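Student: My structure is in entry.cif, and what it holds is mmCIF, C-alpha atoms and all ligand atoms:
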data_protein
#
loop_
_atom_site.group_PDB
_atom_site.id
_atom_site.type_symbol
_atom_site.label_atom_id
_atom_site.label_comp_id
_atom_site.auth_asym_id
_atom_site.auth_seq_id
_atom_site.Cartn_x
_atom_site.Cartn_y
_atom_site.Cartn_z
ATOM 1 C CA MET F 30 53.465 106.751 64.756
ATOM 2 C CA THR F 31 50.229 105.364 66.186
ATOM 3 C CA ASN F 32 49.476 104.858 69.857
ATOM 4 C CA MET F 33 49.598 101.120 69.275
ATOM 5 C CA GLN F 34 53.205 101.354 68.134
ATOM 6 C CA LYS F 35 54.060 103.635 71.016
ATOM 7 C CA GLU F 36 52.752 101.046 73.444
ATOM 8 C CA LEU F 37 54.950 98.458 71.806
ATOM 9 C CA LEU F 38 57.919 100.684 72.570
ATOM 10 C CA ASP F 39 57.129 100.898 76.289
ATOM 11 C CA PRO F 40 59.373 97.947 77.225
ATOM 12 C CA VAL F 41 62.161 99.401 75.069
ATOM 13 C CA ARG F 42 61.785 102.692 76.873
ATOM 14 C CA VAL F 43 61.825 100.999 80.267
ATOM 15 C CA SER F 44 65.012 99.088 79.488
ATOM 16 C CA LEU F 45 66.663 102.228 78.077
ATOM 17 C CA GLU F 46 65.776 104.101 81.258
ATOM 18 C CA GLN F 47 67.167 101.271 83.380
ATOM 19 C CA ARG F 48 70.461 101.459 81.483
ATOM 20 C CA LEU F 49 70.436 105.226 81.897
ATOM 21 C CA THR F 50 70.121 104.860 85.677
ATOM 22 C CA GLU F 51 72.852 102.229 85.771
ATOM 23 C CA LEU F 52 75.175 104.295 83.569
ATOM 24 C CA ARG F 53 74.651 107.400 85.705
ATOM 25 C CA SER F 54 75.670 105.543 88.864
ATOM 26 C CA ARG F 55 78.704 103.988 87.127
ATOM 27 C CA LEU F 56 79.661 107.416 85.802
ATOM 28 C CA GLY F 57 79.294 108.830 89.304
ATOM 29 C CA ARG F 58 81.668 106.190 90.696
ATOM 30 C CA VAL F 59 84.217 106.932 87.954
ATOM 31 C CA GLU F 60 84.004 110.652 88.696
ATOM 32 C CA ASP F 61 84.401 110.002 92.432
ATOM 33 C CA ALA F 62 87.496 107.906 91.756
ATOM 34 C CA LEU F 63 88.926 110.614 89.488
ATOM 35 C CA SER F 64 88.429 113.337 92.088
ATOM 36 C CA SER F 65 89.731 111.321 95.034
ATOM 37 C CA PRO F 66 92.940 112.651 96.595
ATOM 38 C CA HIS F 67 96.183 111.061 95.434
ATOM 39 C CA SER F 68 98.876 109.581 97.606
ATOM 40 C CA LYS F 69 102.306 111.165 97.811
ATOM 41 C CA GLY F 70 104.662 108.354 96.805
ATOM 42 C CA PHE F 71 106.356 108.754 93.419
ATOM 43 C CA ALA F 72 105.792 105.138 92.332
ATOM 44 C CA ASP F 73 102.170 105.396 93.412
ATOM 45 C CA GLN F 74 101.719 108.543 91.380
ATOM 46 C CA ALA F 75 102.741 106.805 88.159
ATOM 47 C CA THR F 76 100.279 104.020 88.823
ATOM 48 C CA GLU F 77 97.581 106.462 89.722
ATOM 49 C CA ARG F 78 98.136 108.463 86.564
ATOM 50 C CA GLU F 79 97.666 105.288 84.544
ATOM 51 C CA GLN F 80 94.536 104.465 86.478
ATOM 52 C CA ASP F 81 93.236 107.986 85.952
ATOM 53 C CA GLU F 82 93.777 107.695 82.216
ATOM 54 C CA ALA F 83 91.882 104.418 82.160
ATOM 55 C CA LEU F 84 89.095 106.009 84.215
ATOM 56 C CA ALA F 85 88.944 109.048 81.945
ATOM 57 C CA GLY F 86 88.586 106.711 78.969
ATOM 58 C CA GLN F 87 85.742 104.898 80.740
ATOM 59 C CA GLU F 88 84.125 108.215 81.551
ATOM 60 C CA GLN F 89 84.079 109.144 77.860
ATOM 61 C CA VAL F 90 82.563 105.790 76.880
ATOM 62 C CA PHE F 91 79.856 106.134 79.546
ATOM 63 C CA GLU F 92 79.074 109.718 78.544
ATOM 64 C CA ARG F 93 78.764 108.793 74.876
ATOM 65 C CA GLU F 94 76.449 105.900 75.756
ATOM 66 C CA LEU F 95 74.412 108.161 78.032
ATOM 67 C CA SER F 96 73.847 110.714 75.283
ATOM 68 C CA GLN F 97 72.905 107.987 72.764
ATOM 69 C CA ILE F 98 70.385 106.484 75.173
ATOM 70 C CA THR F 99 68.947 109.900 76.073
ATOM 71 C CA ALA F 100 68.560 110.617 72.345
ATOM 72 C CA ALA F 101 66.844 107.252 71.776
ATOM 73 C CA ILE F 102 64.303 107.987 74.532
ATOM 74 C CA ALA F 103 63.672 111.404 72.936
ATOM 75 C CA ARG F 104 63.050 109.667 69.595
ATOM 76 C CA ILE F 105 60.503 107.366 71.244
ATOM 77 C CA ASP F 106 58.758 110.474 72.612
ATOM 78 C CA ASP F 107 58.674 112.334 69.313
ATOM 79 C CA GLY F 108 57.688 109.261 67.308
ATOM 80 C CA THR F 109 60.830 108.925 65.207
ATOM 81 C CA TYR F 110 62.295 105.940 67.053
ATOM 82 C CA GLY F 111 63.437 103.204 64.654
ATOM 83 C CA GLU F 112 64.086 105.638 61.808
ATOM 84 C CA CYS F 113 67.653 106.191 60.686
ATOM 85 C CA ALA F 114 68.811 109.684 61.719
ATOM 86 C CA ASN F 115 70.806 109.927 58.501
ATOM 87 C CA CYS F 116 68.722 108.469 55.646
ATOM 88 C CA GLY F 117 65.298 108.122 57.310
ATOM 89 C CA ASP F 118 65.026 104.423 56.473
ATOM 90 C CA GLU F 119 63.691 101.979 58.992
ATOM 91 C CA ILE F 120 66.373 100.508 61.263
ATOM 92 C CA SER F 121 66.003 96.724 61.232
ATOM 93 C CA PRO F 122 64.346 95.220 64.330
ATOM 94 C CA GLN F 123 67.254 92.793 64.636
ATOM 95 C CA ARG F 124 69.653 95.718 64.902
ATOM 96 C CA LEU F 125 67.462 97.462 67.467
ATOM 97 C CA ALA F 126 67.184 94.257 69.482
ATOM 98 C CA VAL F 127 70.972 94.182 69.842
ATOM 99 C CA GLN F 128 71.469 97.937 70.176
ATOM 100 C CA PRO F 129 68.197 99.671 71.117
ATOM 101 C CA GLU F 130 69.843 103.092 71.182
ATOM 102 C CA ALA F 131 71.216 102.806 67.614
ATOM 103 C CA PRO F 132 70.572 106.124 65.808
ATOM 104 C CA LEU F 133 71.601 104.864 62.339
ATOM 105 C CA CYS F 134 70.622 101.988 60.071
ATOM 106 C CA MET F 135 73.204 99.316 59.302
ATOM 107 C CA ALA F 136 74.101 100.887 55.929
ATOM 108 C CA CYS F 137 74.713 104.355 57.395
ATOM 109 C CA ALA F 138 76.559 103.056 60.455
ATOM 110 C CA SER F 139 79.055 101.064 58.410
HETATM 111 ZN ZN ZN F 201 70.448 105.125 57.172
#
For the structure just supplied, provide its representation as structure tokens.
Tutor:
Amino acid sequence: MTNMQKELLDPVRVSLEQRLTELRSRLGRVEDALSSPHSKGFADQATEREQDEALAGQEQVFERELSQITAAIARIDDGTYGECANCGDEISPQRLAVQPEAPLCMACAS
């Protein structure tokens, strides 16, 4: 990849890093909520368990997104951004516009 193309990716990189920062703080809040002490009441405990399960689900989603975004930034750095990680084809710009961290082309993702 030429320097010219790398420059074109600067705004992509910036927006990926912004999402990374935002995701980290959301993940931190979820983890805080999960580690907060629980109340004693039996009815409250059932509700809290449900809330914890929902939070744990959120945590997984955030962590998966975090690792995808981190990987996308690494691909920008090593010059393979925009190439499908599976078949090596170019990922369509339309797809990257919607999902900049997409590691696979449309054909491989489906
Ligand atoms: Zn592919």
Student: Using all atoms listed in the file, which residues sit within 9 Å of F:Tyr110 once same-chain residues fewer than 4 positions away are excluded, as an MDAnalysis selection string?
Tutor: chainID F and resid 38 101:106 120 132
Student: Could I get the residue neighbourhood of ligand ZN 201 (chain F) at 8 Å, counting all atoms listed in the file, as a list of chain:residue names?
Tutor: F:Glu112, F:Cys113, F:Ala114, F:Asn115, F:Cys116, F:Gly117, F:Asp118, F:Glu119, F:Ile120, F:Leu133, F:Cys134, F:Met135, F:Ala136, F:Cys137, F:Ala138
Student: Which one is closest to F:Val43: F:Pro129, F:Gln80, F:Leu56, F:Glu94? Count all atoms listed in the file.
Tutor: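 Nearest candidate to F:Val43 out of F:Pro129, F:Gln80, F:Leu56, F:Glu94: F:Pro129.
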Student: Expressed in Å to a single decimal, how great is the separation between atom CA of F:Leu37 and atom CA of F:Glu130?
Tutor: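 We find that atom CA of F:Leu37 and atom CA of F:Glu130 lie 15.6 Å from each other.
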Student: Excluding F:Arg55 and its own-chain neighbours fewer than 5 positions away, which residues fall within 9 Å of it when counting all atoms listed in the file? Please give them as a compact mmCIF listing (two decimals) with C-alpha atoms, in the coordinates of the input.
Tutor:
# COMPACT_ATOMS: atom_id res chain seq x y z
CA THR F 50 70.12 104.86 85.68
CA GLU F 60 84.00 110.65 88.70
CA GLU F 88 84.12 108.22 81.55
CA PHE F 91 79.86 106.13 79.55
Student: Restricting the calculation to all atoms listed in the file, which member of F:Ser44, F:Ala131, F:Asp81, F:Asp39 is positioned closest to F:His67?
Tutor: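 Among the listed residues, the smallest separation from F:His67 belongs to F:Asp81.
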Student: Could you work out how far atom CA of F:Ser96 lies from atom CA of F:Arg78, giving the answer in Å with one decimal?
Tutor: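 We find that atom CA of F:Arg78 and atom CA of F:Ser96 lie 26.9 Å from each other.
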Student: In Å, with one decimal, what is the gap from atom CA of F:Glu36 to atom CA of F:Pro122?
Tutor: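 If I compute the distance from atom CA of F:Glu36 to atom CA of F:Pro122, I get 15.9 Å.
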Student: Between F:Ser54, F:Ser139, F:Pro40, F:Gln128, which residue has the minimum interatomic distance to F:Glu92, considering all atoms listed in the file?
Tutor: F:Ser54
Student: Reconstruct stretch 103-124 of chain F at the level of N, CA and C atoms, and format the result as a PDB file, keeping the file's coordinate frame.
Tutor:
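Listing of selection10.pdb after writing:
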ATOM      1  N   ALA F 103      64.299 110.229  73.555  1.00  0.00           N
ATOM      2  CA  ALA F 103      63.672 111.404  72.936  1.00  0.00           C
ATOM      3  C   ALA F 103      63.016 111.017  71.612  1.00  0.00           C
ATOM      4  N   ARG F 104      63.640 110.101  70.868  1.00  0.00           N
ATOM      5  CA  ARG F 104      63.050 109.667  69.595  1.00  0.00           C
ATOM      6  C   ARG F 104      61.780 108.854  69.825  1.00  0.00           C
ATOM      7  N   ILE F 105      61.741 108.080  70.913  1.00  0.00           N
ATOM      8  CA  ILE F 105      60.503 107.366  71.244  1.00  0.00           C
ATOM      9  C   ILE F 105      59.407 108.394  71.503  1.00  0.00           C
ATOM     10  N   ASP F 106      59.747 109.451  72.259  1.00  0.00           N
ATOM     11  CA  ASP F 106      58.758 110.474  72.612  1.00  0.00           C
ATOM     12  C   ASP F 106      58.251 111.239  71.395  1.00  0.00           C
ATOM     13  N   ASP F 107      59.150 111.554  70.454  1.00  0.00           N
ATOM     14  CA  ASP F 107      58.674 112.334  69.313  1.00  0.00           C
ATOM     15  C   ASP F 107      58.252 111.466  68.123  1.00  0.00           C
ATOM     16  N   GLY F 108      58.253 110.152  68.331  1.00  0.00           N
ATOM     17  CA  GLY F 108      57.688 109.261  67.308  1.00  0.00           C
ATOM     18  C   GLY F 108      58.613 108.935  66.155  1.00  0.00           C
ATOM     19  N   THR F 109      59.904 109.235  66.295  1.00  0.00           N
ATOM     20  CA  THR F 109      60.830 108.925  65.207  1.00  0.00           C
ATOM     21  C   THR F 109      61.746 107.751  65.556  1.00  0.00           C
ATOM     22  N   TYR F 110      61.454 107.082  66.663  1.00  0.00           N
ATOM     23  CA  TYR F 110      62.295 105.940  67.053  1.00  0.00           C
ATOM     24  C   TYR F 110      62.227 104.851  65.976  1.00  0.00           C
ATOM     25  N   GLY F 111      63.389 104.267  65.653  1.00  0.00           N
ATOM     26  CA  GLY F 111      63.437 103.204  64.654  1.00  0.00           C
ATOM     27  C   GLY F 111      63.700 103.723  63.251  1.00  0.00           C
ATOM     28  N   GLU F 112      63.724 105.058  63.099  1.00  0.00           N
ATOM     29  CA  GLU F 112      64.086 105.638  61.808  1.00  0.00           C
ATOM     30  C   GLU F 112      65.554 106.045  61.855  1.00  0.00           C
ATOM     31  N   CYS F 113      66.248 105.791  60.759  1.00  0.00           N
ATOM     32  CA  CYS F 113      67.653 106.191  60.686  1.00  0.00           C
ATOM     33  C   CYS F 113      67.757 107.709  60.715  1.00  0.00           C
ATOM     34  N   ALA F 114      68.649 108.230  61.590  1.00  0.00           N
ATOM     35  CA  ALA F 114      68.811 109.684  61.719  1.00  0.00           C
ATOM     36  C   ALA F 114      69.489 110.281  60.488  1.00  0.00           C
ATOM     37  N   ASN F 115      70.099 109.437  59.686  1.00  0.00           N
ATOM     38  CA  ASN F 115      70.806 109.927  58.501  1.00  0.00           C
ATOM     39  C   ASN F 115      69.956 109.842  57.230  1.00  0.00           C
ATOM     40  N   CYS F 116      69.432 108.636  56.917  1.00  0.00           N
ATOM     41  CA  CYS F 116      68.722 108.469  55.646  1.00  0.00           C
ATOM     42  C   CYS F 116      67.206 108.352  55.829  1.00  0.00           C
ATOM     43  N   GLY F 117      66.741 108.193  57.072  1.00  0.00           N
ATOM     44  CA  GLY F 117      65.298 108.122  57.310  1.00  0.00           C
ATOM     45  C   GLY F 117      64.692 106.753  57.082  1.00  0.00           C
ATOM     46  N   ASP F 118      65.513 105.790  56.645  1.00  0.00           N
ATOM     47  CA  ASP F 118      65.026 104.423  56.473  1.00  0.00           C
ATOM     48  C   ASP F 118      64.743 103.783  57.823  1.00  0.00           C
ATOM     49  N   GLU F 119      63.977 102.713  57.774  1.00  0.00           N
ATOM     50  CA  GLU F 119      63.691 101.979  58.992  1.00  0.00           C
ATOM     51  C   GLU F 119      64.943 101.218  59.433  1.00  0.00           C
ATOM     52  N   ILE F 120      65.268 101.309  60.722  1.00  0.00           N
ATOM     53  CA  ILE F 120      66.373 100.508  61.263  1.00  0.00           C
ATOM     54  C   ILE F 120      65.817  99.113  61.535  1.00  0.00           C
ATOM     55  N   SER F 121      66.539  98.083  61.118  1.00  0.00           N
ATOM     56  CA  SER F 121      66.003  96.724  61.232  1.00  0.00           C
ATOM     57  C   SER F 121      65.771  96.355  62.692  1.00  0.00           C
ATOM     58  N   PRO F 122      64.654  95.631  62.947  1.00  0.00           N
ATOM     59  CA  PRO F 122      64.346  95.220  64.330  1.00  0.00           C
ATOM     60  C   PRO F 122      65.456  94.388  64.953  1.00  0.00           C
ATOM     61  N   GLN F 123      66.147  93.603  64.103  1.00  0.00           N
ATOM     62  CA  GLN F 123      67.254  92.793  64.636  1.00  0.00           C
ATOM     63  C   GLN F 123      68.347  93.700  65.190  1.00  0.00           C
ATOM     64  N   ARG F 124      68.616  94.777  64.461  1.00  0.00           N
ATOM     65  CA  ARG F 124      69.653  95.718  64.902  1.00  0.00           C
ATOM     66  C   ARG F 124      69.225  96.405  66.201  1.00  0.00           C
TER      67      ARG F 124
END
